[in-house]
Amino acid sequence: MARGPLRLTPLFAFLAPFRGLSRVFEPGLRGLVIGPLVINIVVVLGLATAAGIGFESLLATWLPGGWDWLAWLLWPLFALALLVAFGVSAVALAAIIASPFSGPLAYRTAQGLGHEPRQPARSFLGEMGHATVTALRKTGYYALLFIPVLLITVIPGLNLLAGLAWFVFGSWVLAVEFMEAPLANDGLGFAEVRRTLRAHRLETLSFGAGTTLLAMVPVLNLLLVPAAVIGATHLRVRLPQDSPTPEPRGTA
């Protein structure tokens with residue numbers, strides 16, 4: 001490596017997505033940002049529009065006649081819920097769809113930081129195959145994590161912790177989602193990615209918390225997918241480099 005060991009702190013991890021945001025339009029990365037950026041914008045705006053139309057139809061169906069004024073009170077509450085729920089879910093969905101573009105972006109970012117990935121760059125078809133297989137594994141993993149969060153949400157008494165549980169869940173999911181790309185470029189399979197992140201839980205959750213907060217900021221969240229990939233790569237460079245032995249890279 002061209003650089004010596006760099007100190008990793010929870011604060012650095014929390015600020016990593018914001019650091020990535022500041023680099024989104026750098027000339028060396030700009031060409032690789034376009035794919036994730038377009039996908040992020042389409043998914044976030046599409047889901048937000050669909051949610052708005054659905055909520056308006058729900059109000060029209062369930063509000064009694066003469067109670068239309070209540071919609072003016074409910075819309076701000078809906079907007080707040082939209083920022084939280086769709087800020088995380090839309091970005092996570094966009095990140096999964098943009099996975100074939102995230103690998104090359106993380107690869108170029110790592111090289112610019114003096115960290116040469118352990119595996120050669122994949123072809124686009126290789127990225128597509130890797131993204132498809134990994135997306136299935138991620139979905140199953142996220143579903144297992146969702147079960148205890150759902151139980152906390154519906155059990156009386158415990159549901160007082162629902163807000164915190166959802167925030168921690170969203171933070172971990174986004175951290176895993178974006179950290180997978182730079183770690184995969186070093187040859188780590190998804191099981192190895194999970195073990196590596198569990199070994200650095202505080203830093204992983206700090207990165208996810210920063211990403212989650214950024215996902216709730218309108219307009220800026222349209223740039224979040226490429227920003228978080230870049231930020232995750234900054235974080236990867238500061239992780240100990242004695243990670244599990246890389247898996248041989250095939251076409252996927």
# chains A, B, ... in the order shown; residues from 1 in each chain; ligands from 1

$ select_by_dssp --residues "segment 98-138 of chain A" --states "helix (DSSP H, G or I)" --output "ChimeraX atom specification"
/A:99-112,124-138

$ write_last_selection --atoms "C-alpha atoms" --output "PDB file, in the first residue's frame"
ATOM      1  CA  SER A  99     -24.861  -2.527  -7.489  1.00  0.00           C
ATOM      2  CA  PRO A 100     -23.274  -3.221 -10.919  1.00  0.00           C
ATOM      3  CA  PHE A 101     -22.101   0.408 -11.007  1.00  0.00           C
ATOM      4  CA  SER A 102     -21.047   0.611  -7.356  1.00  0.00           C
ATOM      5  CA  GLY A 103     -18.198  -1.884  -7.678  1.00  0.00           C
ATOM      6  CA  PRO A 104     -16.284   0.114 -10.331  1.00  0.00           C
ATOM      7  CA  LEU A 105     -16.896   3.367  -8.421  1.00  0.00           C
ATOM      8  CA  ALA A 106     -15.502   1.833  -5.219  1.00  0.00           C
ATOM      9  CA  TYR A 107     -12.578   0.402  -7.201  1.00  0.00           C
ATOM     10  CA  ARG A 108     -11.609   3.783  -8.690  1.00  0.00           C
ATOM     11  CA  THR A 109     -12.036   5.527  -5.338  1.00  0.00           C
ATOM     12  CA  ALA A 110      -9.809   2.990  -3.574  1.00  0.00           C
ATOM     13  CA  GLN A 111      -7.077   3.415  -6.165  1.00  0.00           C
ATOM     14  CA  GLY A 112      -7.220   7.183  -5.711  1.00  0.00           C
ATOM     15  CA  PHE A 124     -19.689  -5.278 -16.561  1.00  0.00           C
ATOM     16  CA  LEU A 125     -21.211  -8.744 -17.024  1.00  0.00           C
ATOM     17  CA  GLY A 126     -19.150  -9.925 -14.059  1.00  0.00           C
ATOM     18  CA  GLU A 127     -20.512  -7.047 -11.987  1.00  0.00           C
ATOM     19  CA  MET A 128     -24.056  -7.926 -13.051  1.00  0.00           C
ATOM     20  CA  GLY A 129     -23.592 -11.549 -12.020  1.00  0.00           C
ATOM     21  CA  HIS A 130     -22.025 -10.628  -8.695  1.00  0.00           C
ATOM     22  CA  ALA A 131     -24.747  -8.047  -7.990  1.00  0.00           C
ATOM     23  CA  THR A 132     -27.539 -10.553  -8.733  1.00  0.00           C
ATOM     24  CA  VAL A 133     -26.155 -13.304  -6.497  1.00  0.00           C
ATOM     25  CA  THR A 134     -25.278 -10.912  -3.677  1.00  0.00           C
ATOM     26  CA  ALA A 135     -28.665  -9.153  -3.843  1.00  0.00           C
ATOM     27  CA  LEU A 136     -30.403 -12.457  -3.071  1.00  0.00           C
ATOM     28  CA  ARG A 137     -28.126 -13.051  -0.079  1.00  0.00           C
ATOM     29  CA  LYS A 138     -28.611  -9.501   1.161  1.00  0.00           C
TER      30      LYS A 138
END

$ atom_distance --atom1 "atom CA of Ala175 of chain A" --atom2 "atom CA of Phe207 of chain A"
6.2 Å

$ residues_around --residues "Phe169 of chain A" --least-positions-apart "6" --cutoff "8 Å" --atoms "only C-alpha atoms" --output "MDAnalysis selection string"
chainID A and resid 145:146 149

$ write_last_selection --atoms "N, CA and C atoms" --output "short mmCIF file (atom, residue, chain, number, x, y, z; two decimals), in the first residue's frame"
data_model
loop_
_atom_site.label_atom_id
_atom_site.label_comp_id
_atom_site.auth_asym_id
_atom_site.auth_seq_id
_atom_site.Cartn_x
_atom_site.Cartn_y
_atom_site.Cartn_z
N LEU A 145 -33.03 -9.83 9.90
CA LEU A 145 -32.86 -8.70 10.82
C LEU A 145 -34.17 -7.98 11.07
N PHE A 146 -35.07 -8.03 10.09
CA PHE A 146 -36.33 -7.31 10.18
C PHE A 146 -37.28 -7.93 11.21
N VAL A 149 -37.17 -6.48 14.75
CA VAL A 149 -37.63 -5.09 14.69
C VAL A 149 -39.16 -5.04 14.60
#

$ atom_distance --atom1 "atom CA of Ala181 of chain A" --atom2 "atom CA of Pro218 of chain A"
24.9 Å

$ atom_distance --atom1 "atom CA of Val154 of chain A" --atom2 "atom CA of Gly170 of chain A"
17.6 Å

$ residues_around --residues "segment 199-206 of chain A" --least-positions-apart "2" --cutoff "7 Å" --atoms "only C-alpha atoms" --output "PyMOL selection string"
chain A and resi 9-10+13-14+171-172+175+195-197+208-210

$ write_last_selection --atoms "C-alpha atoms" --output "PDB file, in the first residue's frame"
ATOM      1  CA  THR A   9     -12.798   6.264  14.647  1.00  0.00           C
ATOM      2  CA  PRO A  10     -16.601   6.288  14.980  1.00  0.00           C
ATOM      3  CA  ALA A  13     -17.124   6.591  10.052  1.00  0.00           C
ATOM      4  CA  PHE A  14     -20.119   8.864  10.763  1.00  0.00           C
ATOM      5  CA  SER A 171     -28.350   2.197   9.855  1.00  0.00           C
ATOM      6  CA  TRP A 172     -27.036  -1.367   9.847  1.00  0.00           C
ATOM      7  CA  ALA A 175     -23.902   0.224   6.201  1.00  0.00           C
ATOM      8  CA  ARG A 195     -17.955 -10.958   9.839  1.00  0.00           C
ATOM      9  CA  THR A 196     -15.712  -7.991   9.080  1.00  0.00           C
ATOM     10  CA  LEU A 197     -18.446  -5.476   9.891  1.00  0.00           C
ATOM     11  CA  GLY A 208     -24.839   3.693   8.831  1.00  0.00           C
ATOM     12  CA  ALA A 209     -26.198   6.429  11.118  1.00  0.00           C
ATOM     13  CA  GLY A 210     -24.536   9.139   9.044  1.00  0.00           C
TER      14      GLY A 210
END

$ closest_residue --among "A:Val217, A:Leu222, A:Ala92, A:Leu161" --to "Phe178 of chain A" --atoms "only C-alpha atoms"
A:Ala92

$ closest_residue --among "A:Arg118, A:Leu220, A:Pro240, A:Gly28" --to "Gly187 of chain A" --atoms "only C-alpha atoms"
A:Arg118

$ closest_residue --among "A:Leu224, A:Leu158, A:Ala215, A:Ile230" --to "Glu180 of chain A" --atoms "only C-alpha atoms"
A:Ile230

$ closest_residue --among "A:Val33, A:Val91, A:Leu144, A:Met216" --to "Gly20 of chain A" --atoms "only C-alpha atoms"
A:Val33
